[in-house]
Amino acid sequence: MSSSSTTVSIQDLEMSADDMDASKGAEIYQEHGCLVVRGLMKPYLETLNRDIAQAVIESLELLDQAKQVPEGWVTPNGTLFLPAPKSFDRDKQIMVLAVSYYSSSAFLQSALEPRALDLVEAILGPNIELFLNGQCLYKEAVGGHPKNLHQDSAYFEHKFEGPCGMLSYAVDTDLVNGALHVVPGSHRYGSLQHVDTFSHLGLNSDEWPWERAMPITGEAGDSIFFHVKTIHGSKENNSPSPRPVFINRYRAAEDYVVISGTTTENRAENEKRAEQAKKENQRGLMVRGFRAFHATQS
Ligand SMILES: O=C(O)CCC(=O)C(=O)O
């Protein structure tokens, strides 16, 4: 076990949104690869939870039109389903719910929260773009899927520093309904080999059991900032209510994906083309600063 994961406590990783100090937050993030900001997303919760609930109804209504993909099944609105546990009254469960900047204005507004951007600017520098369109991971009640420990760089390895993710709890989240687990300091371990798991690319669970990670329990509206190489994941939801999180991701304006993947097979294929990756066609909307023209040439 790494010394950092044994000695770090939650108090070392957290601050309150009410008296947030962006440079202190950036220091914690640089040192541990994660930072918890309590209450940061509270202003967006009511509307976002309404949109999440609507997307669930919509997705279940569309389930009979779902198409099979390497990761599971996708409904026409874009929700990704996995096989359901036997206890469910249907054979598929929601994994990634179709709520994004394209469907939820509250989601986009949450990505533009000035205190979040102050922090990301202190971490990544002055010129920042959105990476991806906002993501909602949704664990259904009583047995909703685990997301095995992994590094996001297994899914999207970047040319430079890579994105900073901000995962926010949409409901109070504890050890029963699927608290996010992180391995502090693991952003310095480089890109680790991942294997295919039920929840897609994940670390070998013999080498990376849950005990190596620290659970972060929290209230609805708490946000966890984490580095693209920080090992993280969450266990299944054993509570009687759903457990959604919503994720905003930011990266430096000049950064871009060099290898993407969701399975060992498609990642290995994409690795062969890493040298050809370009910033071109990978531009996200700017949320801080300015994109100089030369930043798009590579
Ligand atoms: O739902 C969760 O807690 C897991 C989210 C996550 O690990 C991810 O999106 O990379």
# chains A, B, ... in the order shown; residues from 1 in each chain; ligands from 1
>>> residues_near_ligand(ligand="ligand 1", cutoff="9 Å", atoms="only C-alpha atoms and all ligand atoms", output="ChimeraX atom specification")
/A:95-96,135-139,145-152,155,165,167,169,178-181,228,231-235,243-247
>>> write_last_selection(atoms="N, CA and C atoms", output="compact mmCIF listing (two decimals), in the first residue's frame")
# COMPACT_ATOMS: atom_id res chain seq x y z
N MET A 95 -26.71 3.08 -16.31
CA MET A 95 -25.35 3.39 -15.84
C MET A 95 -25.04 4.88 -16.06
N VAL A 96 -25.03 5.30 -17.34
CA VAL A 96 -24.76 6.71 -17.63
C VAL A 96 -26.04 7.32 -18.18
N GLN A 135 -21.56 14.68 -17.56
CA GLN A 135 -21.89 13.25 -17.49
C GLN A 135 -22.62 12.98 -16.18
N CYS A 136 -23.64 12.13 -16.23
CA CYS A 136 -24.38 11.76 -15.02
C CYS A 136 -24.30 10.25 -14.85
N LEU A 137 -23.59 9.83 -13.83
CA LEU A 137 -23.53 8.40 -13.49
C LEU A 137 -24.65 8.14 -12.49
N TYR A 138 -25.46 7.12 -12.78
CA TYR A 138 -26.70 6.92 -12.02
C TYR A 138 -26.76 5.48 -11.52
N LYS A 139 -26.70 5.32 -10.20
CA LYS A 139 -26.84 3.98 -9.62
C LYS A 139 -28.29 3.82 -9.21
N HIS A 145 -25.31 -0.53 -10.10
CA HIS A 145 -23.97 -0.99 -10.45
C HIS A 145 -22.83 -0.36 -9.63
N PRO A 146 -21.75 -1.13 -9.39
CA PRO A 146 -20.51 -0.54 -8.90
C PRO A 146 -19.72 0.03 -10.08
N LYS A 147 -18.86 1.01 -9.82
CA LYS A 147 -17.90 1.45 -10.85
C LYS A 147 -16.53 1.09 -10.27
N ASN A 148 -15.91 0.08 -10.86
CA ASN A 148 -14.67 -0.45 -10.28
C ASN A 148 -13.55 0.58 -10.30
N LEU A 149 -12.60 0.42 -9.39
CA LEU A 149 -11.49 1.38 -9.31
C LEU A 149 -10.78 1.48 -10.66
N HIS A 150 -10.49 2.71 -11.05
CA HIS A 150 -9.87 2.95 -12.36
C HIS A 150 -9.26 4.34 -12.37
N GLN A 151 -8.47 4.61 -13.41
CA GLN A 151 -8.02 5.96 -13.71
C GLN A 151 -8.80 6.42 -14.95
N ASP A 152 -9.24 7.66 -14.97
CA ASP A 152 -9.96 8.13 -16.16
C ASP A 152 -9.04 8.16 -17.38
N TYR A 155 -9.59 5.78 -20.09
CA TYR A 155 -10.66 6.08 -21.05
C TYR A 155 -10.27 7.23 -21.98
N GLY A 165 -11.47 16.62 -13.24
CA GLY A 165 -12.90 16.28 -13.13
C GLY A 165 -13.48 16.87 -11.86
N LEU A 167 -16.63 15.89 -9.72
CA LEU A 167 -17.78 14.99 -9.52
C LEU A 167 -18.57 15.51 -8.34
N TYR A 169 -22.06 15.24 -5.78
CA TYR A 169 -23.15 14.39 -5.31
C TYR A 169 -24.49 15.09 -5.52
N GLY A 178 -23.07 4.28 -2.12
CA GLY A 178 -22.03 4.34 -3.16
C GLY A 178 -21.13 5.55 -3.12
N ALA A 179 -20.53 5.83 -1.95
CA ALA A 179 -19.58 6.95 -1.86
C ALA A 179 -18.43 6.76 -2.84
N LEU A 180 -17.96 7.86 -3.41
CA LEU A 180 -16.77 7.77 -4.26
C LEU A 180 -15.57 7.41 -3.38
N HIS A 181 -14.76 6.47 -3.87
CA HIS A 181 -13.51 6.11 -3.20
C HIS A 181 -12.36 6.67 -4.04
N VAL A 228 -6.94 13.29 -13.71
CA VAL A 228 -7.29 12.24 -14.67
C VAL A 228 -6.60 10.90 -14.34
N ILE A 231 -6.73 7.34 -9.01
CA ILE A 231 -7.53 6.10 -8.96
C ILE A 231 -8.80 6.37 -8.15
N HIS A 232 -9.94 6.01 -8.72
CA HIS A 232 -11.22 6.24 -8.03
C HIS A 232 -12.26 5.24 -8.51
N GLY A 233 -13.36 5.15 -7.78
CA GLY A 233 -14.46 4.26 -8.14
C GLY A 233 -15.49 4.30 -7.03
N SER A 234 -16.56 3.51 -7.18
CA SER A 234 -17.60 3.52 -6.15
C SER A 234 -18.32 2.17 -6.18
N LYS A 235 -18.72 1.72 -4.98
CA LYS A 235 -19.37 0.40 -4.87
C LYS A 235 -20.84 0.50 -5.27
N ARG A 243 -28.84 6.73 -6.63
CA ARG A 243 -27.70 7.58 -6.28
C ARG A 243 -27.05 8.14 -7.55
N PRO A 244 -27.46 9.34 -7.98
CA PRO A 244 -26.82 9.98 -9.13
C PRO A 244 -25.65 10.86 -8.70
N VAL A 245 -24.65 10.98 -9.58
CA VAL A 245 -23.63 12.04 -9.45
C VAL A 245 -23.59 12.76 -10.80
N PHE A 246 -23.14 14.01 -10.78
CA PHE A 246 -22.95 14.70 -12.06
C PHE A 246 -21.52 15.20 -12.14
N ILE A 247 -20.93 15.08 -13.34
CA ILE A 247 -19.49 15.33 -13.49
C ILE A 247 -19.26 16.40 -14.56
>>> select_by_dssp(residues="region 129-218 of chain A", states="helix (DSSP H, G or I)", output="ChimeraX atom specification")
/A:152-154,186-188,210-212
>>> write_last_selection(atoms="C-alpha atoms", output="PDB file, in the first residue's frame")
ATOM      1  CA  ASP A 152      -9.963   8.132 -16.163  1.00  0.00           C
ATOM      2  CA  SER A 153      -6.794   8.242 -18.292  1.00  0.00           C
ATOM      3  CA  ALA A 154      -7.585   4.650 -19.263  1.00  0.00           C
ATOM      4  CA  SER A 186      -2.185   7.958  -7.158  1.00  0.00           C
ATOM      5  CA  HIS A 187      -2.113  10.717  -9.808  1.00  0.00           C
ATOM      6  CA  ARG A 188       1.663  10.269  -9.646  1.00  0.00           C
ATOM      7  CA  TRP A 210     -11.356  -1.357  -2.236  1.00  0.00           C
ATOM      8  CA  GLU A 211      -9.337  -1.310   1.015  1.00  0.00           C
ATOM      9  CA  ARG A 212      -6.580   0.596  -0.790  1.00  0.00           C
TER      10      ARG A 212
END
>>> select_by_dssp(residues="region 90-269 of chain A", states="strand (DSSP E)", output="short mmCIF file (atom, residue, chain, number, x, y, z; two decimals) with N, CA and C atoms, in the first residue's frame")
data_model
loop_
_atom_site.label_atom_id
_atom_site.label_comp_id
_atom_site.auth_asym_id
_atom_site.auth_seq_id
_atom_site.Cartn_x
_atom_site.Cartn_y
_atom_site.Cartn_z
N LYS A 92 -32.10 -4.81 -17.67
CA LYS A 92 -31.06 -3.78 -17.85
C LYS A 92 -31.18 -2.71 -16.77
N GLN A 93 -30.03 -2.16 -16.37
CA GLN A 93 -30.01 -1.08 -15.37
C GLN A 93 -29.30 0.14 -15.97
N ILE A 94 -29.68 1.31 -15.50
CA ILE A 94 -29.05 2.55 -15.97
C ILE A 94 -27.62 2.63 -15.44
N MET A 95 -26.71 3.08 -16.31
CA MET A 95 -25.35 3.39 -15.84
C MET A 95 -25.04 4.88 -16.06
N VAL A 96 -25.03 5.30 -17.34
CA VAL A 96 -24.76 6.71 -17.63
C VAL A 96 -26.04 7.32 -18.18
N LEU A 97 -26.62 8.21 -17.41
CA LEU A 97 -27.92 8.78 -17.75
C LEU A 97 -27.75 9.94 -18.73
N ILE A 128 -8.97 27.85 -20.17
CA ILE A 128 -9.62 26.57 -19.84
C ILE A 128 -10.83 26.33 -20.72
N GLU A 129 -10.95 25.09 -21.19
CA GLU A 129 -12.14 24.71 -21.96
C GLU A 129 -12.86 23.56 -21.26
N LEU A 130 -14.12 23.37 -21.64
CA LEU A 130 -14.87 22.21 -21.15
C LEU A 130 -14.40 20.99 -21.92
N GLN A 135 -21.56 14.68 -17.56
CA GLN A 135 -21.89 13.25 -17.49
C GLN A 135 -22.62 12.98 -16.18
N CYS A 136 -23.64 12.13 -16.23
CA CYS A 136 -24.38 11.76 -15.02
C CYS A 136 -24.30 10.25 -14.85
N LEU A 137 -23.59 9.83 -13.83
CA LEU A 137 -23.53 8.40 -13.49
C LEU A 137 -24.65 8.14 -12.49
N TYR A 138 -25.46 7.12 -12.78
CA TYR A 138 -26.70 6.92 -12.02
C TYR A 138 -26.76 5.48 -11.52
N LYS A 139 -26.70 5.32 -10.20
CA LYS A 139 -26.84 3.98 -9.62
C LYS A 139 -28.29 3.82 -9.21
N LYS A 147 -18.86 1.01 -9.82
CA LYS A 147 -17.90 1.45 -10.85
C LYS A 147 -16.53 1.09 -10.27
N ASN A 148 -15.91 0.08 -10.86
CA ASN A 148 -14.67 -0.45 -10.28
C ASN A 148 -13.55 0.58 -10.30
N LEU A 149 -12.60 0.42 -9.39
CA LEU A 149 -11.49 1.38 -9.31
C LEU A 149 -10.78 1.48 -10.66
N HIS A 150 -10.49 2.71 -11.05
CA HIS A 150 -9.87 2.95 -12.36
C HIS A 150 -9.26 4.34 -12.37
N PHE A 156 -9.50 8.21 -21.42
CA PHE A 156 -9.09 9.35 -22.25
C PHE A 156 -7.72 9.86 -21.79
N GLU A 157 -6.70 9.26 -22.41
CA GLU A 157 -5.33 9.69 -22.09
C GLU A 157 -5.02 10.95 -22.88
N HIS A 158 -4.44 11.94 -22.22
CA HIS A 158 -4.22 13.25 -22.86
C HIS A 158 -2.76 13.50 -23.20
N CYS A 164 -9.24 17.99 -15.38
CA CYS A 164 -9.58 17.96 -13.96
C CYS A 164 -11.08 17.68 -13.92
N GLY A 165 -11.47 16.62 -13.24
CA GLY A 165 -12.90 16.28 -13.13
C GLY A 165 -13.48 16.87 -11.86
N MET A 166 -14.72 17.30 -11.94
CA MET A 166 -15.44 17.74 -10.72
C MET A 166 -16.68 16.87 -10.61
N LEU A 167 -16.63 15.89 -9.72
CA LEU A 167 -17.78 14.99 -9.52
C LEU A 167 -18.57 15.51 -8.34
N SER A 168 -19.87 15.72 -8.52
CA SER A 168 -20.70 16.29 -7.44
C SER A 168 -21.82 15.33 -7.07
N TYR A 169 -22.06 15.24 -5.78
CA TYR A 169 -23.15 14.39 -5.31
C TYR A 169 -24.49 15.09 -5.52
N LEU A 180 -17.96 7.86 -3.41
CA LEU A 180 -16.77 7.77 -4.26
C LEU A 180 -15.57 7.41 -3.38
N HIS A 181 -14.76 6.47 -3.87
CA HIS A 181 -13.51 6.11 -3.20
C HIS A 181 -12.36 6.67 -4.04
N VAL A 182 -11.34 7.21 -3.40
CA VAL A 182 -10.17 7.71 -4.14
C VAL A 182 -8.90 7.17 -3.49
N VAL A 195 -7.96 -3.64 -17.01
CA VAL A 195 -8.54 -4.87 -17.57
C VAL A 195 -10.03 -4.62 -17.83
N ASP A 196 -10.67 -5.52 -18.56
CA ASP A 196 -12.12 -5.39 -18.80
C ASP A 196 -12.87 -5.87 -17.55
N THR A 197 -13.81 -5.05 -17.09
CA THR A 197 -14.62 -5.43 -15.92
C THR A 197 -16.08 -5.18 -16.24
N HIS A 200 -16.64 -1.74 -17.26
CA HIS A 200 -15.71 -1.34 -18.32
C HIS A 200 -14.27 -1.33 -17.79
N LEU A 201 -13.41 -0.43 -18.31
CA LEU A 201 -12.00 -0.54 -17.93
C LEU A 201 -11.84 -0.32 -16.42
N GLY A 202 -11.09 -1.21 -15.77
CA GLY A 202 -10.88 -1.10 -14.33
C GLY A 202 -9.53 -1.71 -13.98
N MET A 214 -9.80 5.42 -0.24
CA MET A 214 -10.46 6.13 0.86
C MET A 214 -11.87 6.55 0.43
N PRO A 215 -12.89 6.16 1.20
CA PRO A 215 -14.25 6.60 0.83
C PRO A 215 -14.46 8.07 1.20
N ILE A 216 -15.17 8.78 0.34
CA ILE A 216 -15.50 10.18 0.63
C ILE A 216 -17.02 10.28 0.73
N SER A 223 -18.63 18.58 -3.82
CA SER A 223 -17.91 18.30 -5.08
C SER A 223 -16.53 17.74 -4.81
N ILE A 224 -16.14 16.77 -5.61
CA ILE A 224 -14.81 16.17 -5.48
C ILE A 224 -14.06 16.43 -6.79
N PHE A 225 -12.98 17.20 -6.69
CA PHE A 225 -12.14 17.47 -7.86
C PHE A 225 -11.08 16.39 -7.91
N PHE A 226 -10.85 15.82 -9.09
CA PHE A 226 -9.82 14.78 -9.15
C PHE A 226 -9.09 14.80 -10.49
N HIS A 227 -7.84 14.43 -10.40
CA HIS A 227 -6.90 14.38 -11.53
C HIS A 227 -7.26 13.20 -12.43
N HIS A 232 -9.94 6.01 -8.72
CA HIS A 232 -11.22 6.24 -8.03
C HIS A 232 -12.26 5.24 -8.51
N GLY A 233 -13.36 5.15 -7.78
CA GLY A 233 -14.46 4.26 -8.14
C GLY A 233 -15.49 4.30 -7.03
N SER A 234 -16.56 3.51 -7.18
CA SER A 234 -17.60 3.52 -6.15
C SER A 234 -18.32 2.17 -6.18
N ARG A 243 -28.84 6.73 -6.63
CA ARG A 243 -27.70 7.58 -6.28
C ARG A 243 -27.05 8.14 -7.55
N PRO A 244 -27.46 9.34 -7.98
CA PRO A 244 -26.82 9.98 -9.13
C PRO A 244 -25.65 10.86 -8.70
N VAL A 245 -24.65 10.98 -9.58
CA VAL A 245 -23.63 12.04 -9.45
C VAL A 245 -23.59 12.76 -10.80
N PHE A 246 -23.14 14.01 -10.78
CA PHE A 246 -22.95 14.70 -12.06
C PHE A 246 -21.52 15.20 -12.14
N ILE A 247 -20.93 15.08 -13.34
CA ILE A 247 -19.49 15.33 -13.49
C ILE A 247 -19.26 16.40 -14.56
N ASN A 248 -18.54 17.46 -14.18
CA ASN A 248 -18.05 18.46 -15.13
C ASN A 248 -16.55 18.26 -15.26
N ARG A 249 -16.06 18.35 -16.50
CA ARG A 249 -14.62 18.16 -16.69
C ARG A 249 -14.03 19.36 -17.43
N TYR A 250 -12.85 19.77 -17.01
CA TYR A 250 -12.16 20.94 -17.57
C TYR A 250 -10.75 20.54 -17.97
N ARG A 251 -10.24 21.20 -19.03
CA ARG A 251 -8.83 20.97 -19.36
C ARG A 251 -8.23 22.25 -19.94
N ALA A 252 -6.89 22.31 -19.95
CA ALA A 252 -6.20 23.45 -20.55
C ALA A 252 -6.59 23.52 -22.02
N VAL A 257 -7.04 14.65 -26.35
CA VAL A 257 -6.97 13.19 -26.14
C VAL A 257 -6.02 12.59 -27.16
N VAL A 258 -5.11 11.72 -26.69
CA VAL A 258 -4.27 10.98 -27.62
C VAL A 258 -4.70 9.51 -27.74
N ILE A 259 -5.22 8.97 -26.64
CA ILE A 259 -5.74 7.58 -26.71
C ILE A 259 -7.06 7.52 -25.95
N SER A 260 -8.08 7.00 -26.63
CA SER A 260 -9.35 6.82 -25.92
C SER A 260 -9.70 5.33 -25.96
#
>>> atom_distance(atom1="CA of Lys86 (chain A)", atom2="CA of Gly261 (chain A)")
28.6 Å
>>> closest_residue(among="A:Ala22, A:Leu63, A:Ala220, A:Val287", to="Leu119 (chain A)", atoms="only C-alpha atoms")
A:Ala22
>>> atom_distance(atom1="CA of Gly72 (chain A)", atom2="CA of Ser59 (chain A)")
14.3 Å
>>> closest_residue(among="A:Gly134, A:Pro76, A:Gly143, A:Gly25", to="Pro240 (chain A)", atoms="only C-alpha atoms")
A:Gly143
>>> residues_around(residues="Val176 (chain A)", least_positions_apart="3", cutoff="9 Å", atoms="only C-alpha atoms", output="ChimeraX atom specification")
/A:173,179,235-239
>>> write_last_selection(atoms="N, CA and C atoms", output="mmCIF file, in the first residue's frame")
data_model
loop_
_atom_site.group_PDB
_atom_site.id
_atom_site.type_symbol
_atom_site.label_atom_id
_atom_site.label_comp_id
_atom_site.auth_asym_id
_atom_site.auth_seq_id
_atom_site.Cartn_x
_atom_site.Cartn_y
_atom_site.Cartn_z
ATOM 1 N N THR A 173 -24.578 11.095 0.096
ATOM 2 C CA THR A 173 -23.939 9.855 -0.365
ATOM 3 C C THR A 173 -23.035 9.294 0.729
ATOM 4 N N ALA A 179 -20.530 5.830 -1.952
ATOM 5 C CA ALA A 179 -19.575 6.949 -1.856
ATOM 6 C C ALA A 179 -18.427 6.756 -2.844
ATOM 7 N N LYS A 235 -18.723 1.723 -4.981
ATOM 8 C CA LYS A 235 -19.368 0.404 -4.870
ATOM 9 C C LYS A 235 -20.837 0.499 -5.269
ATOM 10 N N GLU A 236 -21.519 -0.653 -5.222
ATOM 11 C CA GLU A 236 -22.922 -0.647 -5.646
ATOM 12 C C GLU A 236 -23.793 0.100 -4.636
ATOM 13 N N ASN A 237 -24.979 0.452 -5.098
ATOM 14 C CA ASN A 237 -25.937 1.182 -4.264
ATOM 15 C C ASN A 237 -26.850 0.181 -3.558
ATOM 16 N N ASN A 238 -26.687 0.066 -2.237
ATOM 17 C CA ASN A 238 -27.532 -0.864 -1.485
ATOM 18 C C ASN A 238 -28.674 -0.153 -0.762
ATOM 19 N N SER A 239 -28.920 1.079 -1.096
ATOM 20 C CA SER A 239 -29.993 1.835 -0.426
ATOM 21 C C SER A 239 -31.293 1.718 -1.217
#
>>> atom_distance(atom1="CA of Gly284 (chain A)", atom2="CA of Asn133 (chain A)")
8.8 Å
>>> closest_residue(among="A:Ala116, A:Ile123, A:Leu80, A:Ile52", to="Ala17 (chain A)", atoms="only C-alpha atoms")
A:Ala116
>>> residues_around(residues="Ala292 (chain A)", least_positions_apart="6", cutoff="10 Å", atoms="only C-alpha atoms", output="MDAnalysis selection string")
chainID A and resid 127 253:254
>>> closest_residue(among="A:Gly33, A:Pro70, A:Gly190, A:Gly39", to="Met15 (chain A)", atoms="only C-alpha atoms")
A:Gly39
